[in-house]
$ cat data.cif   # mmCIF, C-alpha atoms (C1' of nucleotides)
data_structure
loop_
_atom_site.label_atom_id
_atom_site.label_comp_id
_atom_site.auth_asym_id
_atom_site.auth_seq_id
_atom_site.Cartn_x
_atom_site.Cartn_y
_atom_site.Cartn_z
CA MET O 146 202.95 145.82 119.10
CA ASN O 147 205.27 148.67 120.05
CA ILE O 148 205.47 150.35 123.41
CA THR O 149 203.20 153.28 122.62
CA GLN O 150 200.32 151.05 121.56
CA ALA O 151 200.77 148.90 124.62
CA ALA O 152 200.95 151.90 126.92
CA ASP O 153 197.86 153.45 125.38
CA ALA O 154 195.99 150.18 125.62
CA ALA O 155 196.89 149.84 129.27
CA GLY O 156 196.26 153.47 130.10
CA LEU O 157 199.81 154.09 131.27
CA PRO O 158 202.53 156.53 130.21
CA VAL O 159 205.20 155.08 127.96
CA LYS O 160 207.88 155.95 130.49
CA THR O 161 206.11 153.94 133.13
CA VAL O 162 205.82 150.90 130.89
CA ARG O 163 209.53 151.10 130.16
CA TYR O 164 210.14 151.43 133.87
CA TYR O 165 208.06 148.32 134.59
CA ASP O 166 210.22 146.49 132.08
CA ASP O 167 213.41 147.76 133.72
CA ILE O 168 212.38 146.57 137.15
CA GLY O 169 211.25 143.23 135.78
CA LEU O 170 207.57 143.67 136.45
CA VAL O 171 206.46 143.17 132.86
CA ASN O 172 209.32 141.99 130.67
CA ALA O 173 208.69 142.83 127.07
CA GLY O 174 210.16 140.88 124.20
CA ARG O 175 212.51 142.52 121.74
CA GLY O 176 212.25 142.87 117.98
CA GLU O 177 215.18 142.68 115.57
CA ASN O 178 215.51 146.44 115.72
CA GLY O 179 215.83 146.41 119.50
CA TYR O 180 212.35 147.79 120.04
CA ARG O 181 210.29 146.36 122.85
CA VAL O 182 207.54 144.09 121.59
CA TYR O 183 204.30 143.69 123.50
CA THR O 184 201.68 141.01 123.15
CA ASP O 185 198.08 141.10 124.30
CA ASP O 186 199.15 139.17 127.34
CA HIS O 187 201.63 141.88 128.22
CA VAL O 188 198.96 144.51 127.80
CA HIS O 189 196.73 142.45 130.03
CA LYS O 190 199.33 142.51 132.79
CA LEU O 191 199.99 146.18 132.28
CA ARG O 192 196.33 146.93 132.67
CA PHE O 193 196.30 144.74 135.75
CA LEU O 194 199.09 146.90 137.11
CA GLN O 195 197.40 150.12 136.12
CA ARG O 196 194.33 149.06 138.00
CA SER O 197 196.12 147.71 141.06
CA ARG O 198 198.23 150.82 141.35
CA GLY O 199 195.07 152.87 141.03
CA LEU O 200 193.68 150.96 143.97
CA GLY O 201 196.71 151.99 145.97
CA PHE O 202 198.75 148.82 145.95
CA SER O 203 202.49 149.42 146.08
CA LEU O 204 204.69 148.03 143.35
CA THR O 205 205.82 145.40 145.83
CA ASP O 206 202.19 144.45 146.41
CA CYS O 207 201.65 144.45 142.67
CA ARG O 208 204.56 142.14 142.09
CA GLN O 209 203.06 139.73 144.59
CA LEU O 210 199.58 140.11 143.17
CA LEU O 211 200.91 139.49 139.69
CA SER O 212 202.72 136.34 140.72
CA LEU O 213 199.62 135.12 142.52
CA TYR O 214 197.71 135.92 139.39
CA GLU O 215 200.03 133.81 137.32
CA ASP O 216 200.19 130.96 139.78
CA GLN O 217 197.48 128.50 138.88
CA ASN O 218 197.73 126.85 142.28
CA ARG O 219 197.55 129.97 144.43
CA GLU O 220 195.14 130.19 147.27
CA SER O 221 192.62 132.95 147.04
CA ALA O 222 193.14 133.55 150.75
CA ASP O 223 196.53 135.08 149.97
CA VAL O 224 195.05 137.70 147.74
CA ARG O 225 192.23 138.33 150.13
CA ALA O 226 194.66 138.94 152.96
CA LEU O 227 196.56 141.46 150.89
CA ALA O 228 193.37 143.24 149.94
CA LEU O 229 192.16 143.28 153.54
CA GLN O 230 195.43 144.83 154.62
CA ARG O 231 195.06 147.53 151.99
CA LEU O 232 191.49 148.11 153.12
CA GLU O 233 192.72 148.68 156.63
CA ASP O 234 195.34 151.10 155.36
CA ILE O 235 192.68 152.99 153.48
CA ASP O 236 190.42 153.20 156.50
CA HIS O 237 193.28 154.51 158.55
CA LYS O 238 194.05 157.13 155.94
CA LEU O 239 190.40 158.08 155.69
CA ARG O 240 190.23 158.70 159.42
CA GLU O 241 193.41 160.75 159.33
CA LEU O 242 192.28 162.81 156.41
CA GLY O 243 188.92 163.35 158.03
CA SER O 244 190.32 164.80 161.19
CA LEU O 245 192.74 166.85 159.15
CA ARG O 246 189.87 168.21 157.17
CA SER O 247 187.91 169.29 160.19
CA THR O 248 190.91 171.00 161.73
CA LEU O 249 191.63 172.89 158.55
CA ALA O 250 187.98 173.71 157.98
CA GLU O 251 187.71 175.14 161.44
CA LEU O 252 190.76 177.29 160.84
CA VAL O 253 189.45 178.54 157.55
CA SER O 254 186.07 179.43 158.97
CA SER O 255 187.66 181.38 161.79
CA CYS O 256 189.71 183.48 159.41
CA HIS O 257 188.02 186.61 158.10
CA GLY O 258 190.31 186.56 155.05
CA ASP O 259 190.64 190.26 154.48
CA ASP O 260 193.59 192.58 154.19
CA ARG O 261 194.25 192.86 157.89
CA PRO O 262 197.42 191.28 159.13
CA ASP O 263 196.00 189.16 161.90
CA CYS O 264 195.18 185.65 160.84
CA PRO O 265 193.79 182.95 163.12
CA ILE O 266 195.19 180.21 160.90
CA LEU O 267 198.76 181.31 161.38
CA ASP O 268 198.12 181.99 165.05
CA ASP O 269 196.90 178.47 165.49
CA LEU O 270 199.75 176.93 163.56
CA ALA O 271 202.14 178.92 165.71
CA ALA O 272 200.43 178.03 168.95
CA GLY O 273 200.90 174.40 168.13
CA LYS O 274 198.10 173.33 170.46
CA MET U 935 220.04 174.79 172.99
CA ASN U 936 221.40 171.92 170.90
CA ILE U 937 219.63 170.20 168.07
CA THR U 938 218.27 167.29 170.07
CA GLN U 939 216.52 169.52 172.58
CA ALA U 940 215.08 171.63 169.79
CA ALA U 941 213.93 168.59 167.84
CA ASP U 942 212.30 167.07 170.91
CA ALA U 943 210.60 170.33 171.77
CA ALA U 944 209.23 170.61 168.24
CA GLY U 945 208.27 166.97 167.98
CA LEU U 946 210.50 166.33 165.01
CA PRO U 947 213.34 163.89 164.33
CA VAL U 948 216.82 165.38 164.60
CA LYS U 949 217.56 164.46 161.00
CA THR U 950 214.57 166.41 159.84
CA VAL U 951 215.59 169.51 161.79
CA ARG U 952 219.04 169.32 160.24
CA TYR U 953 217.40 168.92 156.87
CA TYR U 954 215.27 172.01 157.44
CA ASP U 955 218.46 173.88 158.22
CA ASP U 956 220.11 172.57 155.05
CA ILE U 957 217.29 173.72 152.82
CA GLY U 958 217.13 177.08 154.55
CA LEU U 959 213.74 176.63 156.14
CA VAL U 960 214.90 177.21 159.70
CA ASN U 961 218.49 178.43 159.80
CA ALA U 962 220.08 177.64 163.12
CA GLY U 963 222.93 179.65 164.59
CA ARG U 964 226.27 178.04 165.27
CA GLY U 965 228.25 177.74 168.48
CA GLU U 966 232.02 177.96 168.77
CA ASN U 967 232.24 174.19 168.48
CA GLY U 968 230.33 174.18 165.23
CA TYR U 969 227.18 172.79 166.80
CA ARG U 970 223.86 174.18 165.68
CA VAL U 971 222.32 176.47 168.27
CA TYR U 972 218.57 176.83 168.58
CA THR U 973 216.59 179.53 170.34
CA ASP U 974 212.99 179.42 171.49
CA ASP U 975 212.10 181.31 168.36
CA HIS U 976 213.63 178.57 166.25
CA VAL U 977 211.70 175.95 168.16
CA HIS U 978 208.58 177.97 167.61
CA LYS U 979 209.09 177.86 163.87
CA LEU U 980 209.97 174.19 163.95
CA ARG U 981 206.76 173.45 165.76
CA PHE U 982 204.93 175.58 163.22
CA LEU U 983 206.45 173.38 160.52
CA GLN U 984 205.68 170.19 162.37
CA ARG U 985 202.08 171.18 162.59
CA SER U 986 201.74 172.50 159.04
CA ARG U 987 203.33 169.38 157.62
CA GLY U 988 200.97 167.33 159.73
CA LEU U 989 198.11 169.19 158.10
CA GLY U 990 199.44 168.13 154.74
CA PHE U 991 201.07 171.31 153.53
CA SER U 992 204.06 170.71 151.28
CA LEU U 993 207.43 172.15 152.23
CA THR U 994 206.89 174.74 149.52
CA ASP U 995 203.58 175.67 151.13
CA CYS U 996 205.30 175.75 154.48
CA ARG U 997 207.97 178.08 153.25
CA GLN U 998 205.27 180.43 152.05
CA LEU U 999 203.26 180.06 155.22
CA LEU U 1000 206.34 180.76 157.28
CA SER U 1001 207.19 183.90 155.36
CA LEU U 1002 203.59 185.06 155.67
CA TYR U 1003 203.85 184.31 159.34
CA GLU U 1004 206.91 186.49 159.67
CA ASP U 1005 205.57 189.27 157.52
CA GLN U 1006 203.85 191.75 159.80
CA ASN U 1007 202.06 193.29 156.83
CA ARG U 1008 200.70 190.14 155.30
CA GLU U 1009 197.07 189.89 154.42
CA SER U 1010 195.21 187.11 156.09
CA ALA U 1011 193.47 186.44 152.78
CA ASP U 1012 196.71 184.98 151.44
CA VAL U 1013 196.86 182.37 154.14
CA ARG U 1014 193.19 181.66 153.85
CA ALA U 1015 193.54 181.03 150.13
CA LEU U 1016 196.31 178.55 150.74
CA ALA U 1017 194.31 176.76 153.37
CA LEU U 1018 191.24 176.66 151.15
CA GLN U 1019 193.30 175.14 148.39
CA ARG U 1020 194.54 172.46 150.76
CA LEU U 1021 190.99 171.85 151.91
CA GLU U 1022 189.95 171.25 148.34
CA ASP U 1023 192.86 168.86 147.85
CA ILE U 1024 191.80 166.97 150.93
CA ASP U 1025 188.21 166.72 149.79
CA HIS U 1026 189.36 165.43 146.45
CA LYS U 1027 191.52 162.83 148.12
CA LEU U 1028 188.70 161.84 150.45
CA ARG U 1029 186.40 161.23 147.52
CA GLU U 1030 189.04 159.19 145.74
CA LEU U 1031 189.84 157.13 148.78
CA GLY U 1032 186.17 156.56 149.42
CA SER U 1033 185.47 155.12 145.99
CA LEU U 1034 188.64 153.10 146.26
CA ARG U 1035 187.48 151.72 149.53
CA SER U 1036 184.12 150.63 148.20
CA THR U 1037 185.69 148.96 145.18
CA LEU U 1038 188.14 147.07 147.32
CA ALA U 1039 185.52 146.20 149.92
CA GLU U 1040 183.30 144.79 147.24
CA LEU U 1041 186.14 142.70 145.91
CA VAL U 1042 187.00 141.40 149.34
CA SER U 1043 183.43 140.46 150.14
CA SER U 1044 183.11 138.58 146.87
CA CYS U 1045 186.18 136.49 147.60
CA HIS U 1046 185.60 133.35 149.57
CA GLY U 1047 189.21 133.34 150.74
CA ASP U 1048 189.83 129.63 150.87
CA ASP U 1049 192.44 127.43 149.27
CA ARG U 1050 190.81 127.17 145.91
CA PRO U 1051 192.66 128.83 143.08
CA ASP U 1052 189.89 130.99 141.72
CA CYS U 1053 189.81 134.47 143.16
CA PRO U 1054 187.32 137.19 142.20
CA ILE U 1055 189.75 139.90 143.23
CA LEU U 1056 192.38 138.89 140.73
CA ASP U 1057 189.75 138.26 138.12
CA ASP U 1058 188.47 141.75 138.55
CA LEU U 1059 191.90 143.31 138.48
CA ALA U 1060 192.62 141.41 135.33
CA ALA U 1061 189.33 142.30 133.69
CA GLY U 1062 190.22 145.93 134.15
CA LYS U 1063 186.59 146.98 133.79
"C1'" DC E 1324 241.82 159.20 181.12
"C1'" DT E 1325 238.48 156.80 179.00
"C1'" DA E 1326 233.95 155.55 177.49
"C1'" DG E 1327 229.98 156.76 175.45
"C1'" DA E 1328 226.72 160.10 174.03
"C1'" DG E 1329 226.03 163.76 170.99
"C1'" DC E 1330 227.41 166.60 167.36
"C1'" DT E 1331 229.30 167.40 162.48
"C1'" DT E 1332 229.49 166.43 157.23
"C1'" DC E 1333 228.74 163.79 153.29
"C1'" DC E 1334 226.89 160.21 150.49
"C1'" DA E 1335 223.33 156.93 149.24
"C1'" DG E 1336 218.80 155.26 149.03
"C1'" DC E 1337 213.69 155.02 149.45
"C1'" DG E 1338 209.15 154.81 145.87
"C1'" DA E 1339 207.49 155.46 141.64
"C1'" DC E 1340 208.19 157.66 138.46
"C1'" DT E 1341 209.46 161.89 135.11
"C1'" DG E 1342 212.30 164.82 132.11
"C1'" DG E 1343 215.82 165.40 128.94
"C1'" DA E 1344 219.85 164.49 125.98
"C1'" DA E 1345 222.01 161.81 122.43
"C1'" DG E 1346 221.41 158.77 119.02
"C1'" DG E 1347 219.30 154.69 116.16
"C1'" DT E 1348 214.98 153.32 113.18
"C1'" DC E 1349 210.97 153.55 110.52
"C1'" DA E 1350 207.15 155.17 107.31
"C1'" DA E 1351 205.52 158.68 104.23
"C1'" DG E 1352 206.03 162.29 100.84
"C1'" DG E 1353 208.64 164.71 97.20
"C1'" DC D 359 216.78 158.07 96.81
"C1'" DC D 360 216.45 161.47 100.29
"C1'" DT D 361 214.61 163.99 103.80
"C1'" DT D 362 211.58 164.86 107.48
"C1'" DG D 363 209.58 163.84 111.57
"C1'" DA D 364 207.64 160.52 114.59
"C1'" DC D 365 208.98 156.82 117.36
"C1'" DC D 366 212.23 154.01 119.54
"C1'" DT D 367 216.57 153.15 122.42
"C1'" DT D 368 219.75 154.01 126.65
"C1'" DC D 369 221.44 156.57 130.34
"C1'" DC D 370 221.63 160.13 133.72
"C1'" DA D 371 219.52 163.34 136.76
"C1'" DG D 372 215.81 165.16 139.37
"C1'" DT D 373 211.51 164.95 142.01
"C1'" DC D 374 209.74 164.98 147.46
"C1'" DG D 375 210.79 164.67 152.14
"C1'" DC D 376 213.19 162.63 154.46
"C1'" DT D 377 216.18 158.47 156.51
"C1'" DG D 378 220.23 155.56 157.29
"C1'" DG D 379 224.94 155.03 157.79
"C1'" DA D 380 229.97 155.99 157.92
"C1'" DA D 381 233.77 158.71 159.47
"C1'" DG D 382 235.29 161.80 162.53
"C1'" DC D 383 235.12 165.71 166.08
"C1'" DT D 384 233.43 167.36 170.92
"C1'" DC D 385 231.57 167.12 175.23
"C1'" DT D 386 230.41 165.13 179.80
"C1'" DA D 387 230.45 161.78 183.64
"C1'" DG D 388 232.88 158.67 186.30
#
$ encode --input "data.cif" --output "structure tokens"
Amino acid sequence: MNITQAADAAGLPVKTVRYYDDIGLVNAGRGENGYRVYTDDHVHKLRFLQRSRGLGFSLTDCRQLLSLYEDQNRESADVRALALQRLEDIDHKLRELGSLRSTLAELVSSCHGDDRPDCPILDDLAAGK
Amino acid sequence: MNITQAADAAGLPVKTVRYYDDIGLVNAGRGENGYRVYTDDHVHKLRFLQRSRGLGFSLTDCRQLLSLYEDQNRESADVRALALQRLEDIDHKLRELGSLRSTLAELVSSCHGDDRPDCPILDDLAAGK
DNA sequence: CTAGAGCTTCCAGCGACTGGAAGGTCAAGG
DNA sequence: CCTTGACCTTCCAGTCGCTGGAAGCTCTAG
């Protein structure tokens, strides 16, 4: 199958699939005409990537995940460790975003938002705390 | 004051301060020796940037915020709108991260994490759902 | 006078794509 | 058979917000 079919099947943009080929993440075959040729197995990996990326794994993580996936003798502990690390990252980000949210929300609620020039949001940003 | 003092006072890396000068966000003066010269007002703006960036505003947002900040006749509604937009972005991201977290957490808890080759995490990633 | 810290510019690279130009290939319709 | 237009190729450049490093100038302390 050609790249567009594969990309559609995996839920990825064509450009991204080409990019994954370029960086050796999913190496497509080539037809006589020079077109990339994708098999179901390729699509499978692409979808794997689509999903992993969606879960916030970096391409480096994905490369590792993919090789673990292909290694019949891998230990599931390896994958678990990677996932746990990502979970920690996510929790950290959640905390950060949460405190960010409350700061911003407080600023917004203290701003009357009319046509007068004074604005508590800017004042606060300027004050720097 | 020189760039290092200014950067320290604003809580930013020197490189970043130079970068902000390059892109015209905070244009420093120049001394006879060619060194950038920063005033308290510059530091004030740098700190403003440090804080806005920390709240997740893009440099484009920051540029706008900064010009609103300097505009004596601005309407506070403009700033408020920007902040509200950011707040929405944050909420969106929080929701996304939350569902991500629960997916990952579920995967992790279903993985025994030993030295056997079967791993529910990889299986799930591969299945694509 | 010398050493080392601090400043300058410029260039390159990060991650993960994305857009666009220039050109080859294929399938369908006239 | 020819044209049209969709699809494919490569390559180069740009995105965002820095960050690192090299080469070279300036300043300060001993």
$ resolve_selection --input "data.cif" --expression "the PyMOL selection byres ((chain U) within 10 of (chain D))" --output "number ranges by chain"
U: 947, 949-950, 953, 967-969, 992-993
$ resolve_selection --input "data.cif" --expression "the PyMOL selection byres ((chain U and resi 944) around 10)" --output "PDB file with C-alpha atoms, keeping the file's coordinate frame"
ATOM      1  CA  GLY O 273     200.900 174.400 168.130  1.00  0.00           C
TER       2      GLY O 273
ATOM      3  CA  THR U 938     218.270 167.290 170.070  1.00  0.00           C
ATOM      4  CA  GLN U 939     216.520 169.520 172.580  1.00  0.00           C
ATOM      5  CA  ALA U 940     215.080 171.630 169.790  1.00  0.00           C
ATOM      6  CA  ALA U 941     213.930 168.590 167.840  1.00  0.00           C
ATOM      7  CA  ASP U 942     212.300 167.070 170.910  1.00  0.00           C
ATOM      8  CA  ALA U 943     210.600 170.330 171.770  1.00  0.00           C
ATOM      9  CA  GLY U 945     208.270 166.970 167.980  1.00  0.00           C
ATOM     10  CA  LEU U 946     210.500 166.330 165.010  1.00  0.00           C
ATOM     11  CA  PRO U 947     213.340 163.890 164.330  1.00  0.00           C
ATOM     12  CA  VAL U 948     216.820 165.380 164.600  1.00  0.00           C
ATOM     13  CA  VAL U 951     215.590 169.510 161.790  1.00  0.00           C
ATOM     14  CA  HIS U 976     213.630 178.570 166.250  1.00  0.00           C
ATOM     15  CA  VAL U 977     211.700 175.950 168.160  1.00  0.00           C
ATOM     16  CA  HIS U 978     208.580 177.970 167.610  1.00  0.00           C
ATOM     17  CA  LYS U 979     209.090 177.860 163.870  1.00  0.00           C
ATOM     18  CA  LEU U 980     209.970 174.190 163.950  1.00  0.00           C
ATOM     19  CA  ARG U 981     206.760 173.450 165.760  1.00  0.00           C
ATOM     20  CA  PHE U 982     204.930 175.580 163.220  1.00  0.00           C
ATOM     21  CA  LEU U 983     206.450 173.380 160.520  1.00  0.00           C
ATOM     22  CA  GLN U 984     205.680 170.190 162.370  1.00  0.00           C
ATOM     23  CA  ARG U 985     202.080 171.180 162.590  1.00  0.00           C
TER      24      ARG U 985
END
$ residues_around --input "data.cif" --residues "segment 212-229 of chain O" --least-positions-apart "5" --cutoff "12 Å" --atoms "only C-alpha atoms (C1' of nucleotides)" --output "count of residues only"
46
$ closest_atom_pairs --input "data.cif" --of "chain E" --to "chain U" --cutoff "9 Å" --atoms "only C-alpha atoms (C1' of nucleotides)" --output "Markdown table"
| residue | atom | partner | partner_atom | distance |
| --- | --- | --- | --- | --- |
| E:DG1329 | C1' | U:Thr938 | CA | 8.6 |
| E:DC1330 | C1' | U:Tyr969 | CA | 6.2 |
| E:DT1331 | C1' | U:Tyr969 | CA | 7.2 |
$ write_last_selection --input "data.cif" --atoms "C-alpha atoms (C1' of nucleotides)" --output "PDB file, in the frame of the given file"
ATOM      1  C1'  DG E1329     226.030 163.760 170.990  1.00  0.00           C
ATOM      2  C1'  DC E1330     227.410 166.600 167.360  1.00  0.00           C
ATOM      3  C1'  DT E1331     229.300 167.400 162.480  1.00  0.00           C
TER       4       DT E1331
END
$ closest_residue --input "data.cif" --among "U:Gly988, U:Glu966, U:Tyr972, U:Arg952" --to "chain O" --atoms "all atoms listed in the file"
U:Gly988
$ atom_distance --input "data.cif" --atom1 "atom CA of Tyr165 of chain O" --atom2 "atom CA of Gln230 of chain O"
23.9 Å
$ atom_distance --input "data.cif" --atom1 "atom CA of Gly965 of chain U" --atom2 "atom C1' of DT1325 of chain E"
25.6 Å
$ closest_residue --input "data.cif" --among "U:Thr973, U:His1026, U:Gly958, U:Leu1021" --to "chain O" --atoms "only C-alpha atoms"
U:Leu1021
$ atom_distance --input "data.cif" --atom1 "atom CA of Asp185 of chain O" --atom2 "atom C1' of DA1339 of chain E"
24.4 Å
$ closest_residue --input "data.cif" --among "U:Met935, U:Val971, U:Leu999, U:Ala962" --to "chain O" --atoms "all atoms listed in the file"
U:Leu999
$ build_atoms --input "data.cif" --residues "segment 1020-1035 of chain U" --atoms "N, CA and C atoms" --output "compact mmCIF listing (two decimals), in the coordinates of the input"
# COMPACT_ATOMS: atom_id res chain seq x y z
N ARG U 1020 194.23 173.73 150.10
CA ARG U 1020 194.54 172.46 150.76
C ARG U 1020 193.27 171.70 151.10
N LEU U 1021 192.26 172.46 151.54
CA LEU U 1021 190.99 171.85 151.91
C LEU U 1021 190.37 171.15 150.71
N GLU U 1022 190.49 171.82 149.57
CA GLU U 1022 189.95 171.25 148.34
C GLU U 1022 190.71 169.96 147.98
N ASP U 1023 192.03 170.03 148.11
CA ASP U 1023 192.86 168.86 147.85
C ASP U 1023 192.41 167.69 148.72
N ILE U 1024 192.20 168.00 149.98
CA ILE U 1024 191.80 166.97 150.93
C ILE U 1024 190.46 166.36 150.55
N ASP U 1025 189.52 167.21 150.18
CA ASP U 1025 188.21 166.72 149.79
C ASP U 1025 188.32 165.81 148.57
N HIS U 1026 189.15 166.24 147.65
CA HIS U 1026 189.36 165.43 146.45
C HIS U 1026 189.89 164.05 146.83
N LYS U 1027 190.89 164.08 147.68
CA LYS U 1027 191.52 162.83 148.12
C LYS U 1027 190.52 161.96 148.89
N LEU U 1028 189.71 162.59 149.69
CA LEU U 1028 188.70 161.84 150.45
C LEU U 1028 187.74 161.13 149.51
N ARG U 1029 187.32 161.84 148.48
CA ARG U 1029 186.40 161.23 147.52
C ARG U 1029 187.07 160.04 146.84
N GLU U 1030 188.30 160.26 146.41
CA GLU U 1030 189.04 159.19 145.74
C GLU U 1030 189.18 157.96 146.63
N LEU U 1031 189.63 158.23 147.84
CA LEU U 1031 189.84 157.13 148.78
C LEU U 1031 188.54 156.40 149.05
N GLY U 1032 187.47 157.16 149.14
CA GLY U 1032 186.17 156.56 149.42
C GLY U 1032 185.75 155.59 148.33
N SER U 1033 185.90 156.00 147.08
CA SER U 1033 185.47 155.12 145.99
C SER U 1033 186.41 153.92 145.89
N LEU U 1034 187.66 154.17 146.20
CA LEU U 1034 188.64 153.10 146.26
C LEU U 1034 188.22 152.05 147.27
N ARG U 1035 187.87 152.58 148.42
CA ARG U 1035 187.48 151.72 149.53
C ARG U 1035 186.30 150.82 149.15
